[in-house]
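*Asks:* File input11.cif below, mmCIF, C-alpha atoms:
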data_model
#
loop_
_atom_site.label_atom_id
_atom_site.label_comp_id
_atom_site.auth_asym_id
_atom_site.auth_seq_id
_atom_site.Cartn_x
_atom_site.Cartn_y
_atom_site.Cartn_z
CA MET R 9 64.78 22.10 40.10
CA GLY R 10 64.28 21.80 43.84
CA SER R 11 65.03 18.77 45.98
CA LEU R 12 61.32 17.86 46.01
CA SER R 13 60.60 18.44 42.35
CA GLY R 14 57.83 16.13 41.18
CA LYS R 15 56.75 15.11 44.69
CA THR R 16 53.13 15.59 45.70
CA ILE R 17 52.85 16.39 49.40
CA LEU R 18 49.82 16.78 51.65
CA ILE R 19 50.36 18.90 54.75
CA THR R 20 47.73 19.54 57.40
CA GLY R 21 47.52 22.80 59.31
CA ALA R 22 49.27 24.79 56.60
CA SER R 23 47.92 28.20 57.59
CA LYS R 24 49.93 28.91 60.75
CA GLY R 25 53.17 28.34 62.61
CA ILE R 26 55.17 25.27 61.67
CA GLY R 27 52.66 24.39 58.96
CA CYS R 28 53.00 27.76 57.27
CA ALA R 29 56.81 27.73 57.35
CA THR R 30 56.86 24.17 56.04
CA THR R 31 54.39 24.87 53.26
CA GLU R 32 56.46 27.80 52.05
CA LEU R 33 59.64 25.73 52.04
CA LEU R 34 58.03 22.74 50.33
CA GLY R 35 56.90 25.04 47.55
CA SER R 36 60.34 26.61 47.16
CA GLU R 37 61.79 23.10 46.75
CA GLY R 38 59.53 22.37 43.80
CA ALA R 39 56.90 20.15 45.42
CA TYR R 40 53.27 19.96 44.42
CA VAL R 41 51.73 21.10 47.69
CA ILE R 42 48.29 20.21 49.03
CA ALA R 43 47.79 22.76 51.79
CA HIS R 44 45.08 21.92 54.31
CA TYR R 45 43.51 24.43 56.65
CA GLY R 46 40.75 24.26 59.22
CA SER R 47 39.30 27.77 59.46
CA ASP R 48 42.05 30.22 58.43
CA ARG R 49 41.79 30.26 54.65
CA GLU R 50 43.67 33.55 54.42
CA GLY R 51 46.55 31.96 56.28
CA ALA R 52 46.67 29.08 53.81
CA ILE R 53 46.56 31.51 50.89
CA ASN R 54 49.44 33.47 52.40
CA ALA R 55 51.48 30.32 53.03
CA THR R 56 51.15 29.30 49.37
CA LYS R 57 51.40 32.75 47.77
CA ASN R 58 54.81 32.07 46.23
CA ILE R 59 53.92 28.62 44.92
CA PRO R 60 52.90 28.47 41.24
CA GLU R 61 49.17 27.94 40.71
CA ASN R 62 49.65 24.56 39.06
CA HIS R 63 51.78 23.42 42.01
CA LYS R 64 49.32 24.10 44.82
CA PHE R 65 45.91 22.98 45.98
CA ILE R 66 44.27 24.52 49.03
CA VAL R 67 41.72 22.34 50.79
CA GLN R 68 39.56 22.89 53.87
CA ALA R 69 38.61 20.30 56.47
CA ASP R 70 37.47 20.66 60.08
CA LEU R 71 39.40 17.83 61.70
CA ALA R 72 37.10 17.96 64.71
CA GLN R 73 34.25 16.70 62.54
CA SER R 74 33.62 13.01 62.09
CA GLY R 75 34.59 11.76 58.64
CA SER R 76 36.60 14.85 57.71
CA PRO R 77 40.02 13.11 57.51
CA LYS R 78 38.75 10.59 54.96
CA LYS R 79 37.07 13.36 52.97
CA LEU R 80 40.29 15.36 53.09
CA TRP R 81 42.25 12.39 51.78
CA ARG R 82 39.82 11.82 48.89
CA GLU R 83 39.88 15.47 47.83
CA ALA R 84 43.67 15.64 48.11
CA LEU R 85 44.16 12.49 46.05
CA GLU R 86 41.76 13.64 43.35
CA TRP R 87 43.87 16.73 42.61
CA ARG R 88 46.75 14.95 40.85
CA GLY R 89 45.87 11.31 41.35
CA VAL R 90 48.95 10.74 43.46
CA ILE R 91 50.30 11.55 46.92
CA ASP R 92 53.90 10.76 47.82
CA ILE R 93 54.22 12.21 51.31
CA VAL R 94 51.83 13.08 54.13
CA ILE R 95 52.81 15.59 56.81
CA ALA R 96 50.56 15.35 59.87
CA ASN R 97 51.06 18.75 61.43
CA ALA R 98 47.68 20.20 62.45
CA ALA R 99 47.07 20.29 66.19
CA ILE R 100 45.34 22.21 68.94
CA MET R 101 46.46 22.94 72.48
CA PRO R 102 43.38 23.24 74.73
CA GLU R 103 44.04 23.67 78.43
CA ALA R 104 42.45 22.14 81.52
CA ALA R 105 43.98 21.38 84.91
CA PHE R 106 43.21 18.20 86.82
CA THR R 107 41.49 20.38 89.40
CA ASP R 108 39.19 22.11 86.90
CA SER R 109 35.55 21.14 86.49
CA ASP R 110 34.59 17.77 85.06
CA GLU R 111 32.95 19.52 82.14
CA LEU R 112 36.09 21.48 81.21
CA TRP R 113 38.39 18.49 81.68
CA ASP R 114 36.18 16.19 79.60
CA SER R 115 35.70 18.66 76.76
CA THR R 116 39.43 19.47 76.67
CA TRP R 117 40.39 15.81 76.60
CA GLU R 118 37.90 15.01 73.86
CA ALA R 119 38.97 17.97 71.71
CA ALA R 120 42.69 17.22 71.99
CA MET R 121 42.25 13.53 71.27
CA CYS R 122 39.93 14.20 68.33
CA VAL R 123 42.11 16.71 66.50
CA ASN R 124 45.60 15.62 67.60
CA ALA R 125 45.18 11.83 67.65
CA THR R 126 42.03 10.44 66.05
CA ALA R 127 41.97 12.71 62.99
CA PRO R 128 45.65 12.28 62.04
CA ALA R 129 45.38 8.56 62.76
CA GLN R 130 42.52 8.28 60.28
CA LEU R 131 44.40 10.31 57.69
CA ILE R 132 47.58 8.31 58.21
CA ARG R 133 45.59 5.08 57.88
CA GLU R 134 44.24 6.21 54.52
CA ALA R 135 47.74 7.13 53.42
CA THR R 136 49.17 3.80 54.58
CA LYS R 137 46.57 1.81 52.67
CA TYR R 138 47.27 3.87 49.56
CA PHE R 139 51.05 3.52 49.92
CA LEU R 140 50.73 -0.25 50.28
CA GLU R 141 49.03 -0.35 46.90
CA ASN R 142 51.33 2.16 45.23
CA SER R 143 54.93 1.20 45.98
CA GLY R 144 55.32 3.08 49.22
CA GLY R 145 55.52 6.63 50.47
CA SER R 146 56.45 8.67 53.52
CA ILE R 147 54.63 9.89 56.62
CA ILE R 148 56.07 12.72 58.69
CA ALA R 149 54.31 13.58 61.94
CA ILE R 150 54.97 16.66 64.02
CA SER R 151 54.96 15.42 67.58
CA SER R 152 56.13 17.27 70.71
CA TRP R 153 58.68 16.79 73.45
CA ALA R 154 55.62 16.61 75.71
CA ALA R 155 54.91 13.17 74.20
CA GLN R 156 58.14 11.86 75.73
CA ARG R 157 58.72 13.89 78.88
CA GLY R 158 55.20 15.05 79.72
CA ALA R 159 53.98 18.61 79.54
CA GLY R 160 55.66 21.29 81.61
CA ASN R 161 52.27 22.99 81.90
CA ILE R 162 49.93 20.92 84.07
CA LYS R 163 47.00 22.19 82.00
CA LEU R 164 48.35 20.41 78.90
CA GLY R 165 47.84 16.83 80.04
CA ALA R 166 45.40 16.11 77.21
CA TYR R 167 47.74 17.67 74.66
CA SER R 168 50.75 15.60 75.76
CA ALA R 169 48.69 12.40 75.84
CA SER R 170 47.33 13.03 72.35
CA LYS R 171 50.81 13.64 70.98
CA ALA R 172 52.05 10.42 72.58
CA ALA R 173 49.23 8.49 70.93
CA ILE R 174 50.09 9.57 67.41
CA ALA R 175 53.80 9.01 68.09
CA ALA R 176 53.12 5.38 68.99
CA LEU R 177 51.06 4.92 65.84
CA VAL R 178 53.76 6.31 63.56
CA LYS R 179 56.42 4.09 65.15
CA THR R 180 54.16 1.08 64.64
CA ILE R 181 53.76 1.87 60.95
CA ALA R 182 57.51 2.29 60.55
CA ARG R 183 58.16 -1.13 62.07
CA ALA R 184 55.41 -2.91 60.20
CA TYR R 185 55.79 -1.57 56.68
CA GLY R 186 59.44 -0.69 56.12
CA ARG R 187 59.82 -3.61 53.71
CA ASP R 188 56.90 -2.21 51.72
CA GLY R 189 58.67 1.09 51.15
CA ILE R 190 56.64 3.02 53.71
CA TYR R 191 58.81 5.27 55.86
CA ALA R 192 57.44 7.07 58.92
CA TYR R 193 59.19 9.77 60.92
CA LEU R 194 58.51 11.83 64.04
CA ILE R 195 59.78 15.33 64.64
CA SER R 196 59.57 16.29 68.29
CA PRO R 197 59.91 20.06 68.78
CA GLY R 198 60.41 21.86 72.03
CA VAL R 199 59.18 25.43 72.45
CA VAL R 200 58.63 26.78 68.94
CA ARG R 201 57.75 30.39 68.22
CA THR R 202 54.17 29.91 67.06
CA GLY R 203 50.95 31.62 68.01
CA MET R 204 49.87 28.50 69.90
CA SER R 205 53.03 28.48 72.02
CA VAL R 206 52.81 32.20 72.71
CA ALA R 207 49.23 31.78 73.93
CA SER R 208 50.30 28.90 76.17
CA ALA R 209 53.18 30.92 77.60
CA ILE R 210 50.77 33.59 78.76
CA THR R 211 49.04 31.10 81.06
CA GLN R 212 52.43 30.09 82.51
CA GLY R 213 53.66 33.52 83.52
CA GLY R 214 54.79 34.94 80.20
CA GLU R 215 57.44 34.43 77.55
CA GLU R 216 60.36 35.52 79.71
CA LYS R 217 59.59 32.84 82.27
CA ILE R 218 59.47 30.15 79.58
CA THR R 219 62.62 31.41 77.85
CA ALA R 220 64.55 31.30 81.13
CA THR R 221 64.07 27.51 81.23
CA LEU R 222 65.64 26.94 77.79
CA ALA R 223 69.28 25.91 77.44
CA MET R 224 69.92 28.27 74.55
CA GLY R 225 67.74 31.00 75.96
CA GLU R 226 65.65 31.16 72.81
CA TRP R 227 62.64 29.54 71.15
CA VAL R 228 62.99 27.29 68.12
CA PRO R 229 62.19 29.13 64.86
CA PRO R 230 59.46 27.36 62.83
CA LYS R 231 61.78 27.37 59.81
CA GLU R 232 64.14 24.92 61.54
CA ILE R 233 61.31 22.42 61.85
CA ALA R 234 60.39 23.05 58.21
CA GLU R 235 63.96 22.39 57.10
CA MET R 236 63.95 19.02 58.86
CA VAL R 237 60.61 18.14 57.23
CA VAL R 238 62.03 18.90 53.80
CA PHE R 239 65.13 16.82 54.49
CA LEU R 240 63.01 13.82 55.50
CA ALA R 241 60.67 14.34 52.55
CA THR R 242 63.56 14.05 50.09
CA GLY R 243 64.08 10.43 51.15
CA ALA R 244 67.78 11.10 51.59
CA SER R 245 67.91 9.07 54.80
CA LYS R 246 65.21 6.42 54.77
CA HIS R 247 66.91 4.58 57.62
CA LEU R 248 65.77 7.32 59.97
CA SER R 249 62.33 5.76 59.59
CA GLY R 250 60.83 5.10 63.01
CA GLY R 251 63.08 7.64 64.65
CA THR R 252 62.11 10.61 66.77
CA ILE R 253 64.10 13.71 65.93
CA ASP R 254 64.36 16.14 68.84
CA ILE R 255 64.59 19.84 68.01
CA ASN R 256 64.61 21.73 71.30
CA GLY R 257 67.94 23.52 71.60
CA ALA R 258 69.48 21.04 74.07
CA THR R 259 66.87 21.68 76.75
CA TYR R 260 65.70 18.07 76.67
CA ILE R 261 68.48 15.61 75.88
CA ARG R 262 67.81 11.86 75.80
#
For this file, produce the structure as C-alpha cells.

*Replies:*
Amino acid sequence: MGSLSGKTILITGASKGIGCATTELLGSEGAYVIAHYGSDREGAINATKNIPENHKFIVQADLAQSGSPKKLWREALEWRGVIDIVIANAAIMPEAAFTDSDELWDSTWEAAMCVNATAPAQLIREATKYFLENSGGSIIAISSWAAQRGAGNIKLGAYSASKAAIAALVKTIARAYGRDGIYAYLISPGVVRTGMSVASAITQGGEEKITATLAMGEWVPPKEIAEMVVFLATGASKHLSGGTIDINGATYIR
C-alpha cells in the first residue's frame, strides 16, 4: 500500500516534464490518477503505463479553449465520483520581448494568461467549490521562481506574470478556507530539466550559459518536484498550506 492509496488525484499536463514524473510517482504510491493532456496523448499513455488500468483515467482538454477547464473537471469527477487532490501543473512558455511587434506581444500575453492563469484558476475554482461541499481537499500548484523574482529571460514577461497570478490565487484560497479543510500549496521550481526549459535555454545562449548561473551547477531533476508533490498530497504537513516551497538548488534564496 502506497502513501496515497485510496486518493483520487487530478493532474494537468501529465504528458511531459514535471507532469510526467509526478504522474508516474503518484501511480507508484497507489493513487487513482486522472492524467490530463492537451495534445500529446502518447505522452500521457507513457506516463501512466505502469499504473493499473483501474487506477488511471486519461483525459484530454485544450486549456486554451473557453470552457475546457470546467469540462475537464466534470469528466474527471465522473470517473470515480470523487476527487481528493488537484495538481495544477500544465503551462506554456511563449516568448516575446517588449521590443517585439504589438501583434507578437499581445498574442504571447494572451496565450500565457489563458493557459497559465485563467484555465487553472477556473479549474481550481471548480475544485474549491467541490471541496467546500465535501469536507475539504488539497490544491497543489506548480508555480515558478519567476513569479517571485521575475524572469531572467526578458522574453518571458508574460510567463512570469501568469505564474504570479495563479500564485496569488492559491495563497488566497489557503487563507480563506483553511478552516474548511482546504489546503493549498505552491511549489516554485527554478531551472528544471524539461523540454520547455531546454527550448527556452536555446534562446538565451544555450544550456551551458544557463547552467553557469546556477549555484549547484546543475538543473533540478523533474523527479525532485514530483517527490515534493507526493509529500504534500499525503497531507502529512497540512500547516504548510499557503506556503511557497522553493526548489532551485540555492540559486534563489529568500

*Asks:* Step by step, work through what the PyMOL selection byres ((chain R and resi 135) around 9) selects in the shown file, and finish by giving those residues as a PyMOL selection string.

*Replies:* chain R and resi 81+91+93-94+130-134+136-140+145-147

*Asks:* Starting from the displayed file, determine the output of the PyMOL selection byres ((chain R and resi 36) around 12) and express the residue list as a PDB file with C-alpha atoms, in the coordinates of the input.

*Replies:*
ATOM      1  CA  MET R   9      64.780  22.100  40.100  1.00  0.00           C
ATOM      2  CA  GLY R  10      64.280  21.800  43.840  1.00  0.00           C
ATOM      3  CA  SER R  11      65.030  18.770  45.980  1.00  0.00           C
ATOM      4  CA  LEU R  12      61.320  17.860  46.010  1.00  0.00           C
ATOM      5  CA  SER R  13      60.600  18.440  42.350  1.00  0.00           C
ATOM      6  CA  ALA R  29      56.810  27.730  57.350  1.00  0.00           C
ATOM      7  CA  THR R  30      56.860  24.170  56.040  1.00  0.00           C
ATOM      8  CA  THR R  31      54.390  24.870  53.260  1.00  0.00           C
ATOM      9  CA  GLU R  32      56.460  27.800  52.050  1.00  0.00           C
ATOM     10  CA  LEU R  33      59.640  25.730  52.040  1.00  0.00           C
ATOM     11  CA  LEU R  34      58.030  22.740  50.330  1.00  0.00           C
ATOM     12  CA  GLY R  35      56.900  25.040  47.550  1.00  0.00           C
ATOM     13  CA  GLU R  37      61.790  23.100  46.750  1.00  0.00           C
ATOM     14  CA  GLY R  38      59.530  22.370  43.800  1.00  0.00           C
ATOM     15  CA  ALA R  39      56.900  20.150  45.420  1.00  0.00           C
ATOM     16  CA  TYR R  40      53.270  19.960  44.420  1.00  0.00           C
ATOM     17  CA  VAL R  41      51.730  21.100  47.690  1.00  0.00           C
ATOM     18  CA  ALA R  55      51.480  30.320  53.030  1.00  0.00           C
ATOM     19  CA  THR R  56      51.150  29.300  49.370  1.00  0.00           C
ATOM     20  CA  LYS R  57      51.400  32.750  47.770  1.00  0.00           C
ATOM     21  CA  ASN R  58      54.810  32.070  46.230  1.00  0.00           C
ATOM     22  CA  ILE R  59      53.920  28.620  44.920  1.00  0.00           C
ATOM     23  CA  PRO R  60      52.900  28.470  41.240  1.00  0.00           C
ATOM     24  CA  HIS R  63      51.780  23.420  42.010  1.00  0.00           C
ATOM     25  CA  LYS R  64      49.320  24.100  44.820  1.00  0.00           C
ATOM     26  CA  ALA R 234      60.390  23.050  58.210  1.00  0.00           C
ATOM     27  CA  GLU R 235      63.960  22.390  57.100  1.00  0.00           C
ATOM     28  CA  VAL R 238      62.030  18.900  53.800  1.00  0.00           C
TER      29      VAL R 238
END

*Asks:* Within 6 Å of R:Gly21, counting all atoms listed in the file, which residues qualify if same-chain residues fewer than 2 places away don't, as a list in words?

*Replies:*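 Here the answer would be Ser23, Gly27, His44, Tyr45, Asn97 and Ala98 of chain R.
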
*Asks:* Give me the box for stretch 197-214 of chain R as JSON, namely the centre and edge lengths in Å to one decimal of a box along x, y and z that holds every listed atom plus 8 Å on each side.

*Replies:*
{"center_x": 54.7, "center_y": 27.5, "center_z": 75.3, "size_x": 27.4, "size_y": 30.9, "size_z": 32.5}

*Asks:* Between atom CA of R:Ser109 and atom CA of R:Lys163, measure the distance and give it in Å to one decimal.

*Replies:*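 Spanning atom CA of R:Ser109 to atom CA of R:Lys163 is a straight-line distance of 12.3 Å.
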
*Asks:* I'd like to know which of R:Phe106, R:Tyr191, R:Trp117, R:Tyr167 is closest to R:Ser152, using only C-alpha atoms.

*Replies:*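 Of the candidates, the smallest distance to R:Ser152 is held by R:Tyr167.
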
*Asks:* Expand the PyMOL selection byres ((chain R and resi 155) around 8) into the individual residues it matches in the shown file, reporting them as JSON, numbers by chain.

*Replies:* {"R": [151, 152, 153, 154, 156, 157, 158, 159, 168, 169, 170, 171, 172, 175]}

*Asks:* Could you give me, as a ChimeraX atom specification, the residues within 6 Å of R:Ala43, counting only C-alpha atoms and dropping anything in the same chain fewer than 5 positions from it?

*Replies:* /R:19,22,66

*Asks:* Please provide as a PyMOL selection string all residues within 8 Å of stretch 225-230 of chain R, with the sequence filter that same-chain residues fewer than 3 positions apart are discarded (counting all atoms listed in the file).

*Replies:* chain R and resi 25-26+29-30+197-202+219-222+233-234+255-257

*Asks:* Using Å and a single decimal, report how far atom CA of R:Leu18 sits from atom CA of R:Arg187.

*Replies:*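 Atom CA of R:Leu18 lies at a distance of 22.8 Å from atom CA of R:Arg187.
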
*Asks:* Which value, in Å to one decimal, gives the distance between atom CA of R:Asn54 and atom CA of R:Val67?

*Replies:*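 According to the coordinates, atom CA of R:Asn54 and atom CA of R:Val67 are separated by 13.6 Å.
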
*Asks:* Is it possible to get the residues within 8 Å of (40.0, 16.7, 61.0) (coordinates as in the file, counting only C-alpha atoms) written as a compact mmCIF listing (two decimals) with C-alpha atoms, in the frame of the given file?

*Replies:*
# COMPACT_ATOMS: atom_id res chain seq x y z
CA GLY R 46 40.75 24.26 59.22
CA ALA R 69 38.61 20.30 56.47
CA ASP R 70 37.47 20.66 60.08
CA LEU R 71 39.40 17.83 61.70
CA ALA R 72 37.10 17.96 64.71
CA GLN R 73 34.25 16.70 62.54
CA SER R 74 33.62 13.01 62.09
CA GLY R 75 34.59 11.76 58.64
CA SER R 76 36.60 14.85 57.71
CA PRO R 77 40.02 13.11 57.51
CA CYS R 122 39.93 14.20 68.33
CA VAL R 123 42.11 16.71 66.50
CA ALA R 127 41.97 12.71 62.99
CA PRO R 128 45.65 12.28 62.04
